[in-house]
Each structure stands twice: as structure tokens, then as C-alpha cells.
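Engineer: Here you go, upload_29.cif (mmCIF, N, CA and C atoms; chains and numbers go by the auth columns):
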```
data_start
loop_
_atom_site.group_PDB
_atom_site.id
_atom_site.type_symbol
_atom_site.label_atom_id
_atom_site.label_comp_id
_atom_site.label_asym_id
_atom_site.label_seq_id
_atom_site.Cartn_x
_atom_site.Cartn_y
_atom_site.Cartn_z
_atom_site.B_iso_or_equiv
_atom_site.auth_seq_id
_atom_site.auth_asym_id
ATOM 1 N N MET A 1 19.435 -5.533 -3.097 0.00 6 I
ATOM 2 C CA MET A 1 18.891 -4.758 -2.002 0.00 6 I
ATOM 3 C C MET A 1 19.856 -3.606 -1.723 0.00 6 I
ATOM 4 N N GLU A 2 19.307 -2.400 -1.534 0.00 7 I
ATOM 5 C CA GLU A 2 20.131 -1.246 -1.230 0.00 7 I
ATOM 6 C C GLU A 2 20.791 -1.425 0.127 0.00 7 I
ATOM 7 N N VAL A 3 21.967 -0.793 0.292 0.00 8 I
ATOM 8 C CA VAL A 3 22.665 -0.851 1.560 0.00 8 I
ATOM 9 C C VAL A 3 21.772 -0.261 2.645 0.00 8 I
ATOM 10 N N GLY A 4 21.633 -0.954 3.751 0.00 9 I
ATOM 11 C CA GLY A 4 20.825 -0.474 4.854 0.00 9 I
ATOM 12 C C GLY A 4 19.342 -0.752 4.721 0.00 9 I
ATOM 13 N N MET A 5 18.922 -1.345 3.619 0.00 10 I
ATOM 14 C CA MET A 5 17.506 -1.643 3.435 0.00 10 I
ATOM 15 C C MET A 5 17.229 -3.067 3.882 0.00 10 I
ATOM 16 N N GLY A 6 16.237 -3.210 4.755 0.00 11 I
ATOM 17 C CA GLY A 6 15.874 -4.527 5.242 0.00 11 I
ATOM 18 C C GLY A 6 14.922 -5.238 4.296 0.00 11 I
ATOM 19 N N PRO A 7 14.615 -6.495 4.608 0.00 12 I
ATOM 20 C CA PRO A 7 13.774 -7.290 3.709 0.00 12 I
ATOM 21 C C PRO A 7 12.330 -6.802 3.588 0.00 12 I
ATOM 22 N N VAL A 8 11.769 -6.269 4.664 0.00 13 I
ATOM 23 C CA VAL A 8 10.381 -5.794 4.580 0.00 13 I
ATOM 24 C C VAL A 8 10.313 -4.534 3.721 0.00 13 I
ATOM 25 N N GLU A 9 11.234 -3.600 3.954 0.00 14 I
ATOM 26 C CA GLU A 9 11.239 -2.388 3.139 0.00 14 I
ATOM 27 C C GLU A 9 11.478 -2.725 1.672 0.00 14 I
ATOM 28 N N LYS A 10 12.397 -3.632 1.394 0.00 15 I
ATOM 29 C CA LYS A 10 12.672 -4.035 0.006 0.00 15 I
ATOM 30 C C LYS A 10 11.409 -4.601 -0.637 0.00 15 I
ATOM 31 N N ALA A 11 10.716 -5.477 0.083 0.00 16 I
ATOM 32 C CA ALA A 11 9.491 -6.086 -0.461 0.00 16 I
ATOM 33 C C ALA A 11 8.420 -5.027 -0.715 0.00 16 I
ATOM 34 N N VAL A 12 8.263 -4.091 0.213 0.00 17 I
ATOM 35 C CA VAL A 12 7.258 -3.038 0.039 0.00 17 I
ATOM 36 C C VAL A 12 7.620 -2.162 -1.154 0.00 17 I
ATOM 37 N N ARG A 13 8.897 -1.795 -1.265 0.00 18 I
ATOM 38 C CA ARG A 13 9.319 -0.965 -2.404 0.00 18 I
ATOM 39 C C ARG A 13 9.094 -1.704 -3.730 0.00 18 I
ATOM 40 N N ASP A 14 9.394 -3.000 -3.755 0.00 19 I
ATOM 41 C CA ASP A 14 9.161 -3.788 -4.977 0.00 19 I
ATOM 42 C C ASP A 14 7.671 -3.818 -5.321 0.00 19 I
ATOM 43 N N ASP A 15 6.834 -3.995 -4.304 0.00 20 I
ATOM 44 C CA ASP A 15 5.383 -4.020 -4.538 0.00 20 I
ATOM 45 C C ASP A 15 4.890 -2.684 -5.076 0.00 20 I
ATOM 46 N N VAL A 16 5.351 -1.597 -4.477 0.00 21 I
ATOM 47 C CA VAL A 16 4.920 -0.265 -4.912 0.00 21 I
ATOM 48 C C VAL A 16 5.429 0.022 -6.326 0.00 21 I
ATOM 49 N N ASP A 17 6.645 -0.420 -6.629 0.00 22 I
ATOM 50 C CA ASP A 17 7.181 -0.233 -7.982 0.00 22 I
ATOM 51 C C ASP A 17 6.291 -0.887 -9.031 0.00 22 I
ATOM 52 N N GLN A 18 5.677 -2.007 -8.685 0.00 23 I
ATOM 53 C CA GLN A 18 4.817 -2.713 -9.628 0.00 23 I
ATOM 54 C C GLN A 18 3.536 -1.939 -9.939 0.00 23 I
ATOM 55 N N LEU A 19 3.195 -0.968 -9.099 0.00 24 I
ATOM 56 C CA LEU A 19 1.989 -0.171 -9.336 0.00 24 I
ATOM 57 C C LEU A 19 2.167 0.817 -10.474 0.00 24 I
ATOM 58 N N GLY A 20 3.402 1.128 -10.812 0.00 25 I
ATOM 59 C CA GLY A 20 3.647 2.099 -11.871 0.00 25 I
ATOM 60 C C GLY A 20 3.577 3.517 -11.341 0.00 25 I
ATOM 61 N N ASP A 21 3.112 4.433 -12.178 0.00 26 I
ATOM 62 C CA ASP A 21 3.041 5.844 -11.788 0.00 26 I
ATOM 63 C C ASP A 21 2.062 6.021 -10.637 0.00 26 I
ATOM 64 N N LEU A 22 2.490 6.773 -9.640 0.00 27 I
ATOM 65 C CA LEU A 22 1.644 7.051 -8.483 0.00 27 I
ATOM 66 C C LEU A 22 0.957 8.395 -8.679 0.00 27 I
ATOM 67 N N VAL A 23 -0.316 8.462 -8.312 0.00 28 I
ATOM 68 C CA VAL A 23 -1.096 9.685 -8.484 0.00 28 I
ATOM 69 C C VAL A 23 -1.834 10.014 -7.192 0.00 28 I
ATOM 70 N N GLY A 24 -2.287 11.244 -7.086 0.00 29 I
ATOM 71 C CA GLY A 24 -3.068 11.657 -5.923 0.00 29 I
ATOM 72 C C GLY A 24 -2.288 11.495 -4.635 0.00 29 I
ATOM 73 N N VAL A 25 -2.873 10.796 -3.681 0.00 30 I
ATOM 74 C CA VAL A 25 -2.229 10.576 -2.381 0.00 30 I
ATOM 75 C C VAL A 25 -1.318 9.351 -2.386 0.00 30 I
ATOM 76 N N GLU A 26 -1.244 8.653 -3.495 0.00 31 I
ATOM 77 C CA GLU A 26 -0.431 7.437 -3.553 0.00 31 I
ATOM 78 C C GLU A 26 1.042 7.665 -3.206 0.00 31 I
ATOM 79 N N PRO A 27 1.670 8.761 -3.651 0.00 32 I
ATOM 80 C CA PRO A 27 3.068 8.974 -3.240 0.00 32 I
ATOM 81 C C PRO A 27 3.216 9.104 -1.722 0.00 32 I
ATOM 82 N N SER A 28 2.302 9.820 -1.093 0.00 33 I
ATOM 83 C CA SER A 28 2.351 9.965 0.360 0.00 33 I
ATOM 84 C C SER A 28 2.139 8.632 1.060 0.00 33 I
ATOM 85 N N LEU A 29 1.157 7.874 0.593 0.00 34 I
ATOM 86 C CA LEU A 29 0.897 6.561 1.188 0.00 34 I
ATOM 87 C C LEU A 29 2.088 5.634 1.016 0.00 34 I
ATOM 88 N N SER A 30 2.731 5.681 -0.137 0.00 35 I
ATOM 89 C CA SER A 30 3.881 4.809 -0.362 0.00 35 I
ATOM 90 C C SER A 30 5.038 5.198 0.555 0.00 35 I
ATOM 91 N N GLU A 31 5.261 6.490 0.755 0.00 36 I
ATOM 92 C CA GLU A 31 6.324 6.927 1.665 0.00 36 I
ATOM 93 C C GLU A 31 6.023 6.487 3.099 0.00 36 I
ATOM 94 N N MET A 32 4.754 6.561 3.490 0.00 37 I
ATOM 95 C CA MET A 32 4.367 6.072 4.814 0.00 37 I
ATOM 96 C C MET A 32 4.670 4.576 4.933 0.00 37 I
ATOM 97 N N ALA A 33 4.344 3.831 3.888 0.00 38 I
ATOM 98 C CA ALA A 33 4.593 2.390 3.903 0.00 38 I
ATOM 99 C C ALA A 33 6.088 2.101 3.998 0.00 38 I
ATOM 100 N N PHE A 34 6.913 2.864 3.283 0.00 39 I
ATOM 101 C CA PHE A 34 8.366 2.655 3.339 0.00 39 I
ATOM 102 C C PHE A 34 8.888 2.913 4.748 0.00 39 I
ATOM 103 N N THR A 35 8.395 3.982 5.380 0.00 40 I
ATOM 104 C CA THR A 35 8.838 4.320 6.729 0.00 40 I
ATOM 105 C C THR A 35 8.430 3.243 7.720 0.00 40 I
ATOM 106 N N LEU A 36 7.201 2.779 7.620 0.00 41 I
ATOM 107 C CA LEU A 36 6.734 1.712 8.510 0.00 41 I
ATOM 108 C C LEU A 36 7.551 0.440 8.312 0.00 41 I
ATOM 109 N N ALA A 37 7.813 0.095 7.062 0.00 42 I
ATOM 110 C CA ALA A 37 8.596 -1.105 6.764 0.00 42 I
ATOM 111 C C ALA A 37 10.011 -0.970 7.328 0.00 42 I
ATOM 112 N N ARG A 38 10.585 0.217 7.204 0.00 43 I
ATOM 113 C CA ARG A 38 11.931 0.463 7.729 0.00 43 I
ATOM 114 C C ARG A 38 11.947 0.278 9.252 0.00 43 I
ATOM 115 N N GLU A 39 10.901 0.762 9.917 0.00 44 I
ATOM 116 C CA GLU A 39 10.805 0.614 11.375 0.00 44 I
ATOM 117 C C GLU A 39 10.648 -0.855 11.772 0.00 44 I
ATOM 118 N N ILE A 40 9.902 -1.596 10.984 0.00 45 I
ATOM 119 C CA ILE A 40 9.747 -3.038 11.239 0.00 45 I
ATOM 120 C C ILE A 40 11.089 -3.729 11.087 0.00 45 I
ATOM 121 N N ASP A 41 11.805 -3.411 10.015 0.00 46 I
ATOM 122 C CA ASP A 41 13.130 -4.002 9.794 0.00 46 I
ATOM 123 C C ASP A 41 14.108 -3.650 10.909 0.00 46 I
ATOM 124 N N ALA A 42 13.935 -2.475 11.515 0.00 47 I
ATOM 125 C CA ALA A 42 14.824 -2.032 12.588 0.00 47 I
ATOM 126 C C ALA A 42 14.496 -2.696 13.922 0.00 47 I
ATOM 127 N N GLY A 43 13.447 -3.490 13.963 0.00 48 I
ATOM 128 C CA GLY A 43 13.129 -4.228 15.176 0.00 48 I
ATOM 129 C C GLY A 43 11.895 -3.773 15.906 0.00 48 I
ATOM 130 N N GLY A 44 11.271 -2.719 15.447 0.00 49 I
ATOM 131 C CA GLY A 44 9.989 -2.332 16.024 0.00 49 I
ATOM 132 C C GLY A 44 10.062 -1.463 17.255 0.00 49 I
ATOM 133 N N GLY A 45 11.239 -1.024 17.655 0.00 50 I
ATOM 134 C CA GLY A 45 11.353 -0.139 18.818 0.00 50 I
ATOM 135 C C GLY A 45 10.863 -0.773 20.100 0.00 50 I
ATOM 136 N N GLU A 46 11.289 -0.183 21.205 0.00 51 I
ATOM 137 C CA GLU A 46 10.877 -0.660 22.530 0.00 51 I
ATOM 138 C C GLU A 46 11.011 -2.175 22.640 0.00 51 I
ATOM 139 N N ASP A 47 12.167 -2.671 22.235 0.00 52 I
ATOM 140 C CA ASP A 47 12.432 -4.115 22.278 0.00 52 I
ATOM 141 C C ASP A 47 11.395 -4.932 21.522 0.00 52 I
ATOM 142 N N GLY A 48 10.937 -4.388 20.411 0.00 53 I
ATOM 143 C CA GLY A 48 9.991 -5.110 19.557 0.00 53 I
ATOM 144 C C GLY A 48 8.544 -4.965 19.944 0.00 53 I
ATOM 145 N N ARG A 49 8.273 -4.216 21.001 0.00 54 I
ATOM 146 C CA ARG A 49 6.879 -4.101 21.461 0.00 54 I
ATOM 147 C C ARG A 49 5.996 -3.342 20.483 0.00 54 I
ATOM 148 N N GLN A 50 6.587 -2.566 19.596 0.00 55 I
ATOM 149 C CA GLN A 50 5.783 -1.814 18.623 0.00 55 I
ATOM 150 C C GLN A 50 5.527 -2.601 17.338 0.00 55 I
ATOM 151 N N LEU A 51 6.132 -3.770 17.221 0.00 56 I
ATOM 152 C CA LEU A 51 5.964 -4.553 15.982 0.00 56 I
ATOM 153 C C LEU A 51 4.507 -4.834 15.628 0.00 56 I
ATOM 154 N N PRO A 52 3.677 -5.282 16.564 0.00 57 I
ATOM 155 C CA PRO A 52 2.280 -5.544 16.173 0.00 57 I
ATOM 156 C C PRO A 52 1.574 -4.301 15.627 0.00 57 I
ATOM 157 N N ALA A 53 1.779 -3.156 16.278 0.00 58 I
ATOM 158 C CA ALA A 53 1.134 -1.924 15.816 0.00 58 I
ATOM 159 C C ALA A 53 1.703 -1.490 14.465 0.00 58 I
ATOM 160 N N LEU A 54 3.018 -1.609 14.290 0.00 59 I
ATOM 161 C CA LEU A 54 3.625 -1.255 13.009 0.00 59 I
ATOM 162 C C LEU A 54 3.118 -2.157 11.887 0.00 59 I
ATOM 163 N N ASN A 55 2.997 -3.442 12.179 0.00 60 I
ATOM 164 C CA ASN A 55 2.476 -4.376 11.172 0.00 60 I
ATOM 165 C C ASN A 55 1.042 -4.032 10.784 0.00 60 I
ATOM 166 N N ARG A 56 0.207 -3.737 11.779 0.00 61 I
ATOM 167 C CA ARG A 56 -1.192 -3.378 11.480 0.00 61 I
ATOM 168 C C ARG A 56 -1.246 -2.116 10.632 0.00 61 I
ATOM 169 N N GLU A 57 -0.439 -1.119 11.002 0.00 62 I
ATOM 170 C CA GLU A 57 -0.448 0.141 10.260 0.00 62 I
ATOM 171 C C GLU A 57 0.079 -0.046 8.850 0.00 62 I
ATOM 172 N N LEU A 58 1.113 -0.872 8.690 0.00 63 I
ATOM 173 C CA LEU A 58 1.637 -1.139 7.345 0.00 63 I
ATOM 174 C C LEU A 58 0.582 -1.830 6.494 0.00 63 I
ATOM 175 N N ARG A 59 -0.095 -2.833 7.056 0.00 64 I
ATOM 176 C CA ARG A 59 -1.162 -3.517 6.305 0.00 64 I
ATOM 177 C C ARG A 59 -2.261 -2.539 5.913 0.00 64 I
ATOM 178 N N ALA A 60 -2.658 -1.667 6.841 0.00 65 I
ATOM 179 C CA ALA A 60 -3.721 -0.692 6.552 0.00 65 I
ATOM 180 C C ALA A 60 -3.278 0.296 5.480 0.00 65 I
ATOM 181 N N THR A 61 -2.031 0.732 5.545 0.00 66 I
ATOM 182 C CA THR A 61 -1.518 1.683 4.564 0.00 66 I
ATOM 183 C C THR A 61 -1.454 1.047 3.178 0.00 66 I
ATOM 184 N N LEU A 62 -0.957 -0.178 3.111 0.00 67 I
ATOM 185 C CA LEU A 62 -0.900 -0.872 1.817 0.00 67 I
ATOM 186 C C LEU A 62 -2.303 -1.142 1.280 0.00 67 I
ATOM 187 N N ALA A 63 -3.236 -1.502 2.165 0.00 68 I
ATOM 188 C CA ALA A 63 -4.615 -1.739 1.729 0.00 68 I
ATOM 189 C C ALA A 63 -5.225 -0.462 1.165 0.00 68 I
ATOM 190 N N GLN A 64 -4.944 0.665 1.805 0.00 69 I
ATOM 191 C CA GLN A 64 -5.471 1.934 1.309 0.00 69 I
ATOM 192 C C GLN A 64 -4.848 2.290 -0.033 0.00 69 I
ATOM 193 N N LEU A 65 -3.572 2.008 -0.174 0.00 70 I
ATOM 194 C CA LEU A 65 -2.885 2.258 -1.439 0.00 70 I
ATOM 195 C C LEU A 65 -3.475 1.400 -2.552 0.00 70 I
ATOM 196 N N LEU A 66 -3.743 0.143 -2.257 0.00 71 I
ATOM 197 C CA LEU A 66 -4.314 -0.755 -3.258 0.00 71 I
ATOM 198 C C LEU A 66 -5.782 -0.443 -3.533 0.00 71 I
ATOM 199 N N ALA A 67 -6.500 0.006 -2.513 0.00 72 I
ATOM 200 C CA ALA A 67 -7.916 0.334 -2.697 0.00 72 I
ATOM 201 C C ALA A 67 -8.077 1.472 -3.696 0.00 72 I
ATOM 202 N N ALA A 68 -7.115 2.377 -3.711 0.00 73 I
ATOM 203 C CA ALA A 68 -7.171 3.474 -4.674 0.00 73 I
ATOM 204 C C ALA A 68 -7.007 2.957 -6.095 0.00 73 I
ATOM 205 N N ARG A 69 -6.396 1.789 -6.227 0.00 74 I
ATOM 206 C CA ARG A 69 -6.165 1.196 -7.551 0.00 74 I
ATOM 207 C C ARG A 69 -7.282 0.249 -7.983 0.00 74 I
ATOM 208 N N ALA A 70 -8.120 -0.160 -7.063 0.00 75 I
ATOM 209 C CA ALA A 70 -9.174 -1.128 -7.391 0.00 75 I
ATOM 210 C C ALA A 70 -10.150 -0.492 -8.372 0.00 75 I
ATOM 211 N N PRO A 71 -10.531 -1.235 -9.395 0.00 76 I
ATOM 212 C CA PRO A 71 -11.504 -0.679 -10.343 0.00 76 I
ATOM 213 C C PRO A 71 -12.828 -0.431 -9.635 0.00 76 I
ATOM 214 N N GLU A 72 -13.380 0.727 -9.896 0.00 77 I
ATOM 215 C CA GLU A 72 -14.669 1.046 -9.292 0.00 77 I
ATOM 216 C C GLU A 72 -15.742 0.189 -9.928 0.00 77 I
ATOM 217 N N GLU A 73 -16.691 -0.229 -9.087 0.00 78 I
ATOM 218 C CA GLU A 73 -17.799 -0.998 -9.632 0.00 78 I
ATOM 219 C C GLU A 73 -18.657 -0.046 -10.443 0.00 78 I
ATOM 220 N N ASP A 74 -18.865 -0.417 -11.672 0.00 79 I
ATOM 221 C CA ASP A 74 -19.631 0.427 -12.569 0.00 79 I
ATOM 222 C C ASP A 74 -20.966 -0.251 -12.810 0.00 79 I
ATOM 223 N N ASP A 75 -21.996 0.545 -12.935 0.00 80 I
ATOM 224 C CA ASP A 75 -23.287 -0.038 -13.306 0.00 80 I
ATOM 225 C C ASP A 75 -23.118 -0.732 -14.636 0.00 80 I
ATOM 226 N N ASP A 76 -23.890 -1.725 -14.857 0.00 81 I
ATOM 227 C CA ASP A 76 -23.831 -2.470 -16.104 0.00 81 I
ATOM 228 C C ASP A 76 -24.228 -1.543 -17.248 0.00 81 I
ATOM 229 N N ASP A 77 -23.241 -1.155 -18.038 0.00 82 I
ATOM 230 C CA ASP A 77 -23.496 -0.238 -19.151 0.00 82 I
ATOM 231 C C ASP A 77 -24.433 -0.835 -20.187 0.00 82 I
ATOM 232 N N LEU A 78 -24.474 -2.138 -20.279 0.00 83 I
ATOM 233 C CA LEU A 78 -25.313 -2.783 -21.285 0.00 83 I
ATOM 234 C C LEU A 78 -26.641 -3.250 -20.704 0.00 83 I
ATOM 235 N N GLY A 79 -26.807 -3.117 -19.425 0.00 84 I
ATOM 236 C CA GLY A 79 -28.009 -3.600 -18.764 0.00 84 I
ATOM 237 C C GLY A 79 -29.276 -2.906 -19.211 0.00 84 I
ATOM 238 N N ASP A 80 -29.156 -1.672 -19.669 0.00 85 I
ATOM 239 C CA ASP A 80 -30.359 -0.944 -20.077 0.00 85 I
ATOM 240 C C ASP A 80 -30.737 -1.218 -21.536 0.00 85 I
ATOM 241 N N LEU A 81 -30.036 -2.123 -22.209 0.00 86 I
ATOM 242 C CA LEU A 81 -30.381 -2.429 -23.598 0.00 86 I
ATOM 243 C C LEU A 81 -31.742 -3.101 -23.717 0.00 86 I
ATOM 244 N N ALA A 82 -32.143 -3.810 -22.669 0.00 87 I
ATOM 245 C CA ALA A 82 -33.418 -4.517 -22.724 0.00 87 I
ATOM 246 C C ALA A 82 -34.581 -3.571 -22.495 0.00 87 I
ATOM 247 N N GLU A 83 -34.312 -2.378 -21.979 0.00 88 I
ATOM 248 C CA GLU A 83 -35.394 -1.426 -21.725 0.00 88 I
ATOM 249 C C GLU A 83 -35.802 -0.742 -23.029 0.00 88 I
ATOM 250 N N PRO A 84 -37.103 -0.568 -23.213 0.00 89 I
ATOM 251 C CA PRO A 84 -37.541 0.134 -24.431 0.00 89 I
ATOM 252 C C PRO A 84 -37.133 1.604 -24.383 0.00 89 I
ATOM 253 N N SER A 85 -36.874 2.171 -25.542 0.00 90 I
ATOM 254 C CA SER A 85 -36.464 3.578 -25.609 0.00 90 I
ATOM 255 C C SER A 85 -37.651 4.490 -25.534 0.00 90 I
#
```
Reformat the file's structure so that it appears as C-alpha cells.
Structural biologist:
Amino acid sequence: MEVGMGPVEKAVRDDVDQLGDLVGVEPSLSEMAFTLAREIDAGGGEDGRQLPALNRELRATLAQLLAARAPEEDDDDLGDLAEPS
């Protein structure tokens, strides 16, 4: 773990590293996730009162990052084989 990096930020960075090359908005989303994780590790501000909101935002940011990686549902390319030409 890097000096000054907390466990949540480390875990998020490890997860993002597993995605490989980032494209489109993925670099921005990953930086947002790192910042949110860093804030969580720092205690959430306002004596921890921001932790629930930071956690929700981190989950939403990671979900958006992963959604960009989800394979798009494609129509069945072979489904039209039964149709006459």
C-alpha cells in the first residue's frame, strides 16, 4: 500500500487496475472513485456524517464504471437463420 493510502482507496485502485486500459469517460470516473475512497478513508468529514453519502456515491461511480464495461446485449445473430431468404 502506498504511503498515505487507506484500505478503501487501495481496494478501489486495485479493482480499477484489473479493468486494464481505460477509455472514454473511464479515466474521469476512476479518478472520482479514488477521491471518494480517499475521503472515506479520511473518516468522511463532519465527524463521519458524510460517510453514508460518500459510500453511496462511490458505489454509484463504480457501478457506472463497470456498466461501461458490460457487454451490450446483442440481437441473436444466428436467430434469423430459420427465416427463409
Engineer: Compile the contact shell of region 69-73 of chain I as a list in words: residues with an atom at most 7 Å away, counting only N, CA and C atoms, same-chain residues fewer than 4 positions apart removed.
Structural biologist: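 My reading of the contact set: Glu31, Leu34, Ser35, Arg64 and Ala65 of chain I.
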Engineer: Quick one, how far is atom N of Leu63 (chain I) from atom C of Leu41 (chain I)?
Structural biologist: 6.6 Å
Engineer: Once 5 Å is added on each side, what are the centre and the three edge lengths, in Å to one decimal, of the axis-aligned box enclosing the listed atoms of region 22-39 of chain I? Present them as AutoDock Vina command-line options.
Structural biologist:
```
--center_x 2.9 --center_y 4.5 --center_z -3.6 --size_x 22.0 --size_y 24.4 --size_z 27.1
```
Engineer: For Arg43 (chain I), which of I:Val13, I:Ala75, I:Leu67, I:Leu24 is the closest residue, counting all atoms listed in the file?
Structural biologist: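 The shortest atom-to-atom distance to Arg43 (chain I) comes from I:Val13.
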Engineer: Pick out the residues sitting within 8 Å of Glu62 (chain I), and hand them over as a list in words; count only N, CA and C atoms, and ignore anything fewer than 6 positions along from it in its own chain.
Structural biologist: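 Counting only N, CA and C atoms, the residues come to Met37, Ala38, Leu41, Ala42, Leu56 and Ala68 of chain I.
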Engineer: Mind pulling up the distance from CA of Pro76 (chain I) to CA of Asn60 (chain I)?
Structural biologist: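 That distance, rounded to one decimal, is 25.9 Å.
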Engineer: Just to confirm, what's the straight-line distance from CA of Ser33 (chain I) to CA of Asp52 (chain I) in Å (one decimal)?
Structural biologist: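 Interatomic distance, CA of Ser33 (chain I) to CA of Asp52 (chain I): 27.9 Å.
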Engineer: Determine, counting only C-alpha atoms, which protein, DNA and RNA residues have an atom within 10 Å of an atom of Pro12 (chain I); residues of the same chain fewer than 5 positions away are not included. Present the result as an MDAnalysis selection string.
Structural biologist: chainID I and resid 6 17:18 42:43 45:46
Engineer: Check chain I with DSSP on the backbone and list each residue it calls alpha helix (DSSP H), as number ranges by chain.
Structural biologist: I: 12-22, 31-46, 56-72
Engineer: Taking into account all atoms listed in the file, which residue in the set I:Thr66, I:Gly11, I:Arg61, I:Asp20 is nearest to Ala47 (chain I)?
Structural biologist: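 Of I:Thr66, I:Gly11, I:Arg61, I:Asp20, the one nearest Ala47 (chain I), counting all atoms listed in the file, is I:Gly11.
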Engineer: Closest to Ala16 (chain I) among I:Gly53, I:Phe39, I:Gly48, I:Leu59, using only C-alpha atoms?
Structural biologist: I:Phe39
